[in-house]
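Novice: Sending over data.cif (mmCIF, C-alpha atoms).
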```
data_final
loop_
_atom_site.label_atom_id
_atom_site.label_comp_id
_atom_site.auth_asym_id
_atom_site.auth_seq_id
_atom_site.Cartn_x
_atom_site.Cartn_y
_atom_site.Cartn_z
CA MET A 9 -10.16 0.49 -4.99
CA ARG A 10 -12.79 1.57 -2.47
CA GLY A 11 -15.57 -0.01 -4.51
CA ALA A 12 -13.61 -3.23 -4.97
CA PHE A 13 -12.99 -3.43 -1.23
CA PHE A 14 -16.65 -3.05 -0.30
CA ARG A 15 -17.83 -5.51 -2.94
CA ALA A 16 -15.42 -8.11 -1.58
CA LEU A 17 -16.34 -7.28 2.03
CA LEU A 18 -20.06 -7.76 1.37
CA GLU A 19 -19.41 -11.13 -0.21
CA LEU A 20 -17.19 -12.18 2.70
CA ALA A 21 -19.78 -11.04 5.24
CA GLU A 22 -22.41 -13.08 3.41
CA GLN A 23 -20.21 -16.15 3.75
CA ASP A 24 -18.92 -15.64 7.31
CA GLU A 25 -21.02 -14.22 10.13
CA ARG A 26 -17.87 -13.33 12.06
CA VAL A 27 -17.15 -10.42 9.70
CA HIS A 28 -17.97 -7.07 11.34
CA LEU A 29 -17.46 -3.43 10.27
CA VAL A 30 -16.85 -0.48 12.61
CA VAL A 31 -16.60 3.02 11.10
CA GLY A 32 -15.83 6.50 12.34
CA ASP A 33 -18.90 8.46 11.20
CA LEU A 34 -18.10 8.78 7.50
CA GLY A 35 -18.28 6.99 4.18
CA PHE A 36 -22.03 6.50 4.23
CA GLY A 37 -22.26 6.35 0.46
CA VAL A 38 -20.26 3.13 0.46
CA VAL A 39 -21.01 1.62 3.89
CA GLU A 40 -24.80 1.89 3.76
CA GLU A 41 -25.30 -1.42 1.99
CA PHE A 42 -23.27 -3.28 4.61
CA ALA A 43 -25.24 -1.56 7.39
CA ARG A 44 -28.53 -2.44 5.70
CA ARG A 45 -27.70 -6.07 5.02
CA PHE A 46 -25.84 -6.79 8.27
CA PRO A 47 -27.19 -4.33 10.86
CA LYS A 48 -26.09 -6.45 13.82
CA ARG A 49 -22.54 -6.54 12.49
CA PHE A 50 -22.19 -2.83 11.75
CA LEU A 51 -21.36 -0.05 14.18
CA ASN A 52 -20.77 3.65 13.71
CA ALA A 53 -18.50 4.63 16.61
CA GLY A 54 -18.78 8.33 15.79
CA VAL A 55 -15.89 10.76 15.46
CA ALA A 56 -13.93 8.81 18.04
CA GLU A 57 -11.31 6.68 16.34
CA GLN A 58 -9.72 5.61 19.65
CA ASN A 59 -13.07 4.16 20.72
CA MET A 60 -13.58 2.65 17.27
CA THR A 61 -10.29 0.77 17.59
CA GLY A 62 -10.91 -0.34 21.17
CA ILE A 63 -14.36 -1.65 20.25
CA ALA A 64 -12.90 -3.50 17.29
CA ALA A 65 -10.23 -5.10 19.47
CA GLY A 66 -12.86 -6.23 21.99
CA LEU A 67 -15.02 -7.77 19.26
CA ALA A 68 -11.99 -9.48 17.74
CA LEU A 69 -10.96 -10.97 21.08
CA SER A 70 -14.46 -12.45 21.34
CA GLY A 71 -13.95 -14.34 18.07
CA LYS A 72 -14.98 -11.83 15.40
CA ILE A 73 -13.16 -10.67 12.26
CA VAL A 74 -13.39 -6.90 12.53
CA PHE A 75 -12.72 -4.22 9.94
CA THR A 76 -12.27 -0.60 10.97
CA TYR A 77 -12.67 1.96 8.20
CA SER A 78 -11.91 5.64 7.80
CA ILE A 79 -10.05 8.04 5.52
CA ALA A 80 -6.35 8.81 5.31
CA ASN A 81 -4.69 9.10 8.73
CA PHE A 82 -7.81 8.88 10.89
CA PRO A 83 -7.94 5.09 11.56
CA ILE A 84 -4.21 4.89 12.30
CA LEU A 85 -2.40 8.02 13.48
CA ARG A 86 -5.28 9.45 15.50
CA CYS A 87 -5.57 6.19 17.43
CA LEU A 88 -2.02 4.84 17.19
CA GLU A 89 -1.82 3.98 20.89
CA GLN A 90 -4.94 1.85 20.64
CA VAL A 91 -3.67 0.19 17.45
CA ARG A 92 -0.41 -0.66 19.20
CA ASN A 93 -1.67 -1.66 22.65
CA ASP A 94 -5.18 -2.97 22.00
CA VAL A 95 -4.75 -4.56 18.59
CA CYS A 96 -1.10 -5.52 18.06
CA TYR A 97 -0.15 -6.34 21.65
CA HIS A 98 -3.12 -8.71 21.94
CA ASN A 99 -2.72 -10.02 18.38
CA ALA A 100 -6.35 -9.11 17.82
CA ASN A 101 -7.97 -10.07 14.53
CA VAL A 102 -8.56 -6.47 13.44
CA LYS A 103 -8.18 -5.25 9.86
CA ILE A 104 -7.55 -1.49 9.68
CA VAL A 105 -8.65 -0.01 6.36
CA ALA A 106 -7.55 3.48 5.32
CA VAL A 107 -9.00 4.95 2.15
CA GLY A 108 -7.12 7.76 0.41
CA GLY A 109 -3.52 6.65 0.91
CA GLY A 110 -0.77 9.02 -0.13
CA LEU A 111 -1.95 12.27 -1.71
CA ALA A 112 -5.43 11.10 -2.73
CA TYR A 113 -7.04 13.83 -0.63
CA GLY A 114 -4.54 16.33 -1.99
CA SER A 115 -6.74 19.41 -1.91
CA LEU A 116 -7.49 18.99 1.83
CA GLY A 117 -3.90 19.60 2.90
CA ALA A 118 -1.33 17.86 5.05
CA THR A 119 -3.81 16.68 7.70
CA HIS A 120 -5.36 14.44 5.03
CA HIS A 121 -2.12 13.37 3.31
CA ALA A 122 -1.35 9.81 4.42
CA THR A 123 2.37 9.86 3.72
CA GLU A 124 3.96 8.28 6.82
CA ASP A 125 1.54 5.42 7.43
CA LEU A 126 3.51 2.57 5.86
CA ALA A 127 6.59 3.39 7.94
CA ILE A 128 4.67 3.70 11.19
CA LEU A 129 2.52 0.60 10.75
CA ARG A 130 5.48 -1.42 9.46
CA SER A 131 7.26 -0.79 12.77
CA LEU A 132 4.48 -2.33 14.87
CA PRO A 133 4.99 -5.95 15.95
CA ARG A 134 2.53 -8.47 14.43
CA MET A 135 1.10 -5.96 11.96
CA VAL A 136 0.82 -7.03 8.31
CA VAL A 137 0.98 -4.03 5.97
CA VAL A 138 -0.75 -4.27 2.58
CA ALA A 139 -1.07 -1.62 -0.14
CA PRO A 140 -2.71 -3.10 -3.27
CA GLY A 141 -1.94 -1.55 -6.63
CA ASP A 142 -5.30 -1.66 -8.40
CA PRO A 143 -8.90 -2.86 -7.93
CA VAL A 144 -7.97 -6.44 -8.84
CA GLU A 145 -5.32 -6.55 -6.14
CA THR A 146 -7.71 -4.80 -3.73
CA ASP A 147 -10.32 -7.54 -4.11
CA ALA A 148 -7.70 -10.23 -3.53
CA ALA A 149 -6.09 -8.34 -0.65
CA THR A 150 -9.42 -7.95 1.15
CA ARG A 151 -9.96 -11.70 1.00
CA ALA A 152 -6.38 -12.41 2.05
CA VAL A 153 -6.40 -10.21 5.15
CA THR A 154 -9.76 -11.68 6.16
CA THR A 155 -8.32 -15.18 6.30
CA HIS A 156 -5.09 -14.04 7.98
CA ALA A 157 -5.27 -14.46 11.75
CA GLY A 158 -4.02 -11.25 13.33
CA PRO A 159 -3.68 -7.49 12.79
CA CYS A 160 -3.57 -6.17 9.23
CA TYR A 161 -3.39 -2.72 7.68
CA LEU A 162 -5.03 -2.32 4.27
CA ARG A 163 -4.09 0.92 2.52
CA LEU A 164 -6.39 1.85 -0.36
CA GLY A 165 -6.56 4.60 -2.91
CA ARG A 166 -9.67 6.74 -3.05
CA ALA A 167 -11.80 5.92 -6.09
CA GLY A 168 -11.54 5.64 -9.86
CA GLU A 169 -8.16 3.90 -9.98
CA ALA A 170 -7.48 2.10 -13.25
CA ARG A 171 -7.47 -1.68 -13.45
CA VAL A 172 -3.87 -2.66 -14.26
CA HIS A 173 -4.17 -6.44 -14.22
CA THR A 174 -6.16 -7.66 -17.22
CA GLY A 175 -6.51 -11.23 -16.01
CA GLY A 176 -6.44 -13.25 -12.82
CA ILE A 177 -3.57 -12.90 -10.36
CA ASP A 178 -1.89 -15.16 -7.85
CA PHE A 179 -2.20 -13.02 -4.74
CA GLN A 180 -0.41 -14.11 -1.59
CA LEU A 181 0.45 -11.95 1.40
CA GLY A 182 4.20 -11.40 1.43
CA LYS A 183 4.66 -12.44 -2.20
CA ALA A 184 5.18 -9.84 -4.94
CA ILE A 185 3.42 -10.06 -8.30
CA GLN A 186 5.76 -9.86 -11.29
CA VAL A 187 3.90 -7.67 -13.78
CA ARG A 188 6.60 -7.87 -16.45
CA ASP A 189 10.11 -9.28 -16.78
CA GLY A 190 13.32 -7.58 -17.83
CA LYS A 191 17.09 -7.87 -17.52
CA ASP A 192 18.30 -4.25 -17.36
CA LEU A 193 16.65 -2.94 -14.17
CA THR A 194 13.86 -3.64 -11.70
CA LEU A 195 11.10 -1.24 -10.69
CA VAL A 196 9.37 -2.16 -7.43
CA SER A 197 6.04 -0.42 -6.84
CA THR A 198 3.57 -0.43 -3.98
CA GLY A 199 0.05 0.95 -3.67
CA GLY A 200 -1.61 3.24 -6.18
CA MET A 201 1.62 3.98 -8.06
CA LEU A 202 1.31 0.70 -9.99
CA GLU A 203 -0.33 2.26 -13.04
CA THR A 204 2.43 4.86 -13.19
CA ALA A 205 5.05 2.12 -12.82
CA VAL A 206 3.56 0.21 -15.77
CA LYS A 207 3.73 3.34 -17.93
CA VAL A 208 7.32 4.03 -16.87
CA ALA A 209 8.34 0.46 -17.64
CA GLY A 210 6.73 0.71 -21.08
CA THR A 211 8.49 3.98 -21.84
CA LEU A 212 11.84 2.57 -20.76
CA HIS A 213 11.25 -0.54 -22.87
CA ARG A 214 10.69 1.63 -25.94
CA ALA A 215 14.00 3.31 -25.14
CA GLY A 216 15.75 -0.06 -25.14
CA LEU A 217 15.74 -0.79 -21.40
CA GLN A 218 14.08 -4.07 -20.46
CA THR A 219 12.40 -3.41 -17.12
CA ARG A 220 11.28 -5.98 -14.60
CA LEU A 221 8.26 -4.70 -12.69
CA LEU A 222 7.25 -6.04 -9.29
CA SER A 223 4.00 -5.06 -7.61
CA MET A 224 5.01 -5.22 -3.95
CA HIS A 225 1.49 -5.11 -2.52
CA THR A 226 2.71 -6.38 0.85
CA VAL A 227 5.24 -4.08 2.47
CA LYS A 228 5.42 -6.26 5.59
CA PRO A 229 6.29 -9.09 5.42
CA LEU A 230 8.47 -8.10 2.48
CA ASP A 231 9.12 -10.52 -0.38
CA SER A 232 12.88 -10.69 0.15
CA ASP A 233 13.41 -13.49 -2.37
CA SER A 234 11.93 -11.53 -5.29
CA ILE A 235 13.94 -8.43 -4.46
CA LEU A 236 17.24 -10.22 -4.03
CA ALA A 237 16.67 -12.19 -7.24
CA ALA A 238 15.95 -8.93 -9.06
CA ALA A 239 19.11 -7.34 -7.66
CA ARG A 240 21.24 -10.28 -8.79
CA GLU A 241 19.63 -10.64 -12.21
CA THR A 242 19.14 -7.00 -13.24
CA GLY A 243 21.76 -5.16 -11.17
CA ALA A 244 19.57 -2.10 -10.53
CA VAL A 245 16.57 -1.65 -8.25
CA PHE A 246 14.28 1.39 -8.07
CA THR A 247 11.41 1.62 -5.58
CA LEU A 248 8.27 3.67 -6.19
CA GLU A 249 5.71 4.72 -3.58
CA GLU A 250 3.33 7.57 -2.82
CA HIS A 251 4.76 7.82 0.68
CA SER A 252 7.71 9.39 2.43
CA VAL A 253 11.04 7.96 1.33
CA VAL A 254 11.71 7.42 5.05
CA GLY A 255 10.71 4.03 6.35
CA GLY A 256 8.26 2.84 3.69
CA LEU A 257 8.85 0.46 0.80
CA GLY A 258 12.12 2.14 -0.17
CA GLY A 259 13.40 1.96 3.38
CA ALA A 260 12.46 -1.72 3.66
CA VAL A 261 14.19 -2.60 0.39
CA ALA A 262 17.27 -0.54 1.32
CA GLU A 263 17.56 -2.38 4.63
CA LEU A 264 17.33 -5.72 2.86
CA LEU A 265 19.91 -4.89 0.19
CA ALA A 266 22.34 -3.36 2.69
CA GLU A 267 22.32 -6.47 4.87
CA ALA A 268 22.19 -9.08 2.10
CA GLY A 269 25.89 -8.79 1.26
CA GLU A 270 25.37 -9.79 -2.37
CA GLY A 271 27.55 -7.17 -4.01
CA VAL A 272 27.01 -3.67 -5.36
CA VAL A 273 23.53 -2.87 -6.68
CA VAL A 274 22.35 0.37 -8.24
CA PHE A 275 19.54 1.51 -5.97
CA LYS A 276 17.28 4.56 -5.72
CA ARG A 277 14.06 5.36 -3.86
CA PHE A 278 11.27 7.34 -5.50
CA GLY A 279 8.75 8.80 -3.10
CA LEU A 280 7.90 11.93 -1.18
CA PRO A 281 10.36 14.05 0.82
CA SER A 282 10.05 13.96 4.61
CA THR A 283 8.24 17.29 4.71
CA PHE A 284 4.68 18.57 4.88
CA SER A 285 3.41 19.61 1.49
CA SER A 286 3.43 23.39 1.12
CA VAL A 287 0.97 23.22 -1.78
CA VAL A 288 -2.43 21.64 -2.30
CA GLY A 289 -4.10 20.37 -5.43
CA THR A 290 -5.19 17.24 -7.19
CA GLN A 291 -3.40 13.98 -6.59
CA GLU A 292 -1.93 14.07 -10.09
CA TYR A 293 -0.70 17.63 -9.60
CA LEU A 294 0.97 16.85 -6.26
CA ARG A 295 2.61 13.73 -7.65
CA ALA A 296 4.12 15.78 -10.45
CA GLN A 297 5.30 18.42 -7.96
CA HIS A 298 7.28 15.71 -6.16
CA GLY A 299 8.82 14.08 -9.23
CA LEU A 300 6.40 11.16 -9.44
CA SER A 301 5.18 11.76 -13.00
CA VAL A 302 6.00 9.24 -15.73
CA GLU A 303 8.28 11.72 -17.50
CA SER A 304 10.23 12.65 -14.39
CA LEU A 305 10.65 9.07 -13.22
CA GLU A 306 11.86 7.90 -16.61
CA ALA A 307 14.38 10.73 -16.86
CA VAL A 308 15.88 10.11 -13.42
CA ILE A 309 16.08 6.35 -13.93
CA ARG A 310 17.89 6.75 -17.25
CA SER A 311 20.21 9.39 -15.79
CA THR A 312 21.04 7.16 -12.81
CA LEU A 313 21.86 4.21 -15.03
CA GLU A 314 23.98 6.34 -17.36
CA LYS A 315 25.96 7.77 -14.44
CA ASN A 316 26.55 4.27 -13.10
CA ARG A 317 27.77 3.04 -16.49
CA ALA A 318 30.12 6.02 -16.74
CA LEU A 319 31.53 5.35 -13.26
CA ALA A 320 31.99 1.68 -14.09
CA ALA A 321 33.83 2.55 -17.31
CA THR A 322 36.08 4.99 -15.43
CA SER A 323 36.96 2.41 -12.79
CA ARG A 324 37.96 -0.11 -15.47
CA SER A 325 40.20 2.33 -17.32
#
```
Would you mind giving the structure from this file in structure tokens?
Specialist:
Amino acid sequence: MRGAFFRALLELAEQDERVHLVVGDLGFGVVEEFARRFPKRFLNAGVAEQNMTGIAAGLALSGKIVFTYSIANFPILRCLEQVRNDVCYHNANVKIVAVGGGLAYGSLGATHHATEDLAILRSLPRMVVVAPGDPVETDAATRAVTTHAGPCYLRLGRAGEARVHTGGIDFQLGKAIQVRDGKDLTLVSTGGMLETAVKVAGTLHRAGLQTRLLSMHTVKPLDSDSILAAARETGAVFTLEEHSVVGGLGGAVAELLAEAGEGVVVFKRFGLPSTFSSVVGTQEYLRAQHGLSVESLEAVIRSTLEKNRALAATSRS
């Protein structure tokens, strides 16, 4: 995803001289080409993310399209007051990019685990929250947030993520991408869990469960129409995210379903518990520790559906 973002950003900067990049003294292996080609539109603010955000807001309010870039929590939680007051309050055209969402920096511990970011950024007025699912979506998301007037948060994986989409996609902010259709249940994924979601859907299909899969790359604004249609047409909705189950995609979908008043829907959130991880390791290892492996997800989905069918049969008898 990181490579796809920078390739798109370089192309956009070539086309529009308003595009600027401000970084927090890291990522030189990927930012050097931008700095070399556009030295007057690149700034290293140093290890000072509050200053980085304030500078970006000032540039944006003078007519620029400004990207801030850092890893995990650094461009958001460390400078949350500046994001809220300088960027969102003034509706500044700043695009905050965090690389390493979720447990991507798993071996570095909780300080580098970005597991509350979607919930926090989703709560800020005017902020658009985007978490693409693969490099194809990342390229499209970078272009989409550039043309959107106002604050955006772009949550990326780290590097080496698989390409899930084999062809072109119709990417629109606030509009989910239906990866596959099905009538028995719906799996709604955001961010880097998309590849896992595709594998889960395939495994369930082989077990006789036709699974609709939505890539919900935009967490805010949420594609309410796609979710409500899925609830009506499949009767069961499962959300999947590499993020705390509190306040992220699962929380947003739960809020929508609870207030929609469209009848009973089987619903379950898959994500991380609201705790700091007591173990470190690779991203894959930590996902498995928190029940986000293909095998674990499939088992819980099938168990949930079976329990619901048993309850329904009991209520009819």
Novice: Report as a list in words the full result of the PyMOL selection byres ((chain A and resi 102) around 6) when it is applied to this structure.
Specialist: Val74, Phe75, Ala100, Asn101, Lys103 and Pro159 of chain A
Novice: Just the number, please: distance in Å from CA of Leu300 (chain A) to CA of Gly109 (chain A), one decimal.
Specialist: 15.0 Å
Novice: Just to confirm, what's the straight-line distance from CA of Gly35 (chain A) to CA of Glu89 (chain A) in Å (one decimal)?
Specialist: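 Spanning CA of Gly35 (chain A) to CA of Glu89 (chain A) is a straight-line distance of 23.6 Å.
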Novice: Quick one: everything within 7 Å of region 126-139 of chain A, counting all atoms listed in the file, minus sequence neighbours fewer than 6 positions away in the same chain. Send it as a ChimeraX atom specification.
Specialist: /A:92,96,99,159-164,198-199,225-229,255-256
Novice: Give me the result of the PyMOL selection byres ((chain A and resi 149-152) around 9) on this file, residue by residue, as a PDB file with C-alpha atoms, in the frame of the given file.
Specialist:
```
ATOM      1  CA  ALA A  12     -13.610  -3.230  -4.970  1.00  0.00           C
ATOM      2  CA  PHE A  13     -12.990  -3.430  -1.230  1.00  0.00           C
ATOM      3  CA  PHE A  14     -16.650  -3.050  -0.300  1.00  0.00           C
ATOM      4  CA  ALA A  16     -15.420  -8.110  -1.580  1.00  0.00           C
ATOM      5  CA  LEU A  17     -16.340  -7.280   2.030  1.00  0.00           C
ATOM      6  CA  LEU A  20     -17.190 -12.180   2.700  1.00  0.00           C
ATOM      7  CA  VAL A 138      -0.750  -4.270   2.580  1.00  0.00           C
ATOM      8  CA  ALA A 139      -1.070  -1.620  -0.140  1.00  0.00           C
ATOM      9  CA  PRO A 140      -2.710  -3.100  -3.270  1.00  0.00           C
ATOM     10  CA  VAL A 144      -7.970  -6.440  -8.840  1.00  0.00           C
ATOM     11  CA  GLU A 145      -5.320  -6.550  -6.140  1.00  0.00           C
ATOM     12  CA  THR A 146      -7.710  -4.800  -3.730  1.00  0.00           C
ATOM     13  CA  ASP A 147     -10.320  -7.540  -4.110  1.00  0.00           C
ATOM     14  CA  ALA A 148      -7.700 -10.230  -3.530  1.00  0.00           C
ATOM     15  CA  VAL A 153      -6.400 -10.210   5.150  1.00  0.00           C
ATOM     16  CA  THR A 154      -9.760 -11.680   6.160  1.00  0.00           C
ATOM     17  CA  THR A 155      -8.320 -15.180   6.300  1.00  0.00           C
ATOM     18  CA  HIS A 156      -5.090 -14.040   7.980  1.00  0.00           C
ATOM     19  CA  LEU A 162      -5.030  -2.320   4.270  1.00  0.00           C
ATOM     20  CA  PHE A 179      -2.200 -13.020  -4.740  1.00  0.00           C
ATOM     21  CA  GLN A 180      -0.410 -14.110  -1.590  1.00  0.00           C
ATOM     22  CA  LEU A 181       0.450 -11.950   1.400  1.00  0.00           C
ATOM     23  CA  HIS A 225       1.490  -5.110  -2.520  1.00  0.00           C
TER      24      HIS A 225
END
```
Novice: Assuming the chain letters and numbering stay as they are in my file, what does the PyMOL selection byres ((chain A and resi 56) around 12) actually select? List them as an mmCIF file with C-alpha atoms, in the frame of the given file.
Specialist:
```cif
data_model
loop_
_atom_site.group_PDB
_atom_site.id
_atom_site.type_symbol
_atom_site.label_atom_id
_atom_site.label_comp_id
_atom_site.auth_asym_id
_atom_site.auth_seq_id
_atom_site.Cartn_x
_atom_site.Cartn_y
_atom_site.Cartn_z
ATOM 1 C CA VAL A 30 -16.850 -0.480 12.610
ATOM 2 C CA VAL A 31 -16.600 3.020 11.100
ATOM 3 C CA GLY A 32 -15.830 6.500 12.340
ATOM 4 C CA ASP A 33 -18.900 8.460 11.200
ATOM 5 C CA LEU A 34 -18.100 8.780 7.500
ATOM 6 C CA ASN A 52 -20.770 3.650 13.710
ATOM 7 C CA ALA A 53 -18.500 4.630 16.610
ATOM 8 C CA GLY A 54 -18.780 8.330 15.790
ATOM 9 C CA VAL A 55 -15.890 10.760 15.460
ATOM 10 C CA GLU A 57 -11.310 6.680 16.340
ATOM 11 C CA GLN A 58 -9.720 5.610 19.650
ATOM 12 C CA ASN A 59 -13.070 4.160 20.720
ATOM 13 C CA MET A 60 -13.580 2.650 17.270
ATOM 14 C CA THR A 61 -10.290 0.770 17.590
ATOM 15 C CA GLY A 62 -10.910 -0.340 21.170
ATOM 16 C CA ILE A 63 -14.360 -1.650 20.250
ATOM 17 C CA THR A 76 -12.270 -0.600 10.970
ATOM 18 C CA SER A 78 -11.910 5.640 7.800
ATOM 19 C CA PHE A 82 -7.810 8.880 10.890
ATOM 20 C CA PRO A 83 -7.940 5.090 11.560
ATOM 21 C CA ILE A 84 -4.210 4.890 12.300
ATOM 22 C CA ARG A 86 -5.280 9.450 15.500
ATOM 23 C CA CYS A 87 -5.570 6.190 17.430
ATOM 24 C CA GLN A 90 -4.940 1.850 20.640
#
```
Novice: Report, in Å with one decimal, the straight-line distance from CA of Glu169 (chain A) to CA of Met9 (chain A).
Specialist: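 Spanning CA of Glu169 (chain A) to CA of Met9 (chain A) is a straight-line distance of 6.4 Å.
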Novice: Would you compute, for all listed atoms of region 293-309 of chain A, the axis-aligned bounding box grown by 4 Å on each side, and then report its centre and edge lengths in Å rounded to one decimal, as JSON?
Specialist:
```
{"center_x": 7.7, "center_y": 12.4, "center_z": -11.8, "size_x": 24.8, "size_y": 20.1, "size_z": 19.3}
```
Novice: Which residues come within 9 Å of Gly279 (chain A), counting all atoms listed in the file, excluding same-chain residues fewer than 3 positions away, as a PyMOL selection string?
Specialist: chain A and resi 247-254+258+298-300
Novice: Please, which residues in region 112-157 of chain A fall within 8 Å of region 288-295 of chain A when counting all atoms listed in the file, and what is the closest atom pair and distance in Å to one decimal for each, ordered by chain then residue number, as JSON lines?
Specialist:
```
{"residue": "A:Ala112", "atom": "CA", "partner": "A:Gln291", "partner_atom": "CA", "distance": 5.2}
{"residue": "A:Tyr113", "atom": "CA", "partner": "A:Gln291", "partner_atom": "CA", "distance": 7.0}
{"residue": "A:Gly114", "atom": "CA", "partner": "A:Gln291", "partner_atom": "CA", "distance": 5.3}
{"residue": "A:Ser115", "atom": "CA", "partner": "A:Gly289", "partner_atom": "CA", "distance": 4.5}
{"residue": "A:Leu116", "atom": "CA", "partner": "A:Val288", "partner_atom": "CA", "distance": 7.0}
{"residue": "A:Gly117", "atom": "CA", "partner": "A:Val288", "partner_atom": "CA", "distance": 5.8}
```
Novice: List as a PyMOL selection string the protein and nucleic acid residues near region 201-217 of chain A, meaning an atom at most 7 Å away when all atoms listed in the file are counted, but skip any in the same chain fewer than 4 places from it.
Specialist: chain A and resi 141+172+192+197+223+248-250+302+306
Novice: Output the selection as a PDB file, in the frame of the given file - C-alpha atoms for each residue.
Specialist:
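Contents of the output file result02.pdb:
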```
ATOM      1  CA  GLY A 141      -1.940  -1.550  -6.630  1.00  0.00           C
ATOM      2  CA  VAL A 172      -3.870  -2.660 -14.260  1.00  0.00           C
ATOM      3  CA  ASP A 192      18.300  -4.250 -17.360  1.00  0.00           C
ATOM      4  CA  SER A 197       6.040  -0.420  -6.840  1.00  0.00           C
ATOM      5  CA  SER A 223       4.000  -5.060  -7.610  1.00  0.00           C
ATOM      6  CA  LEU A 248       8.270   3.670  -6.190  1.00  0.00           C
ATOM      7  CA  GLU A 249       5.710   4.720  -3.580  1.00  0.00           C
ATOM      8  CA  GLU A 250       3.330   7.570  -2.820  1.00  0.00           C
ATOM      9  CA  VAL A 302       6.000   9.240 -15.730  1.00  0.00           C
ATOM     10  CA  GLU A 306      11.860   7.900 -16.610  1.00  0.00           C
TER      11      GLU A 306
END
```
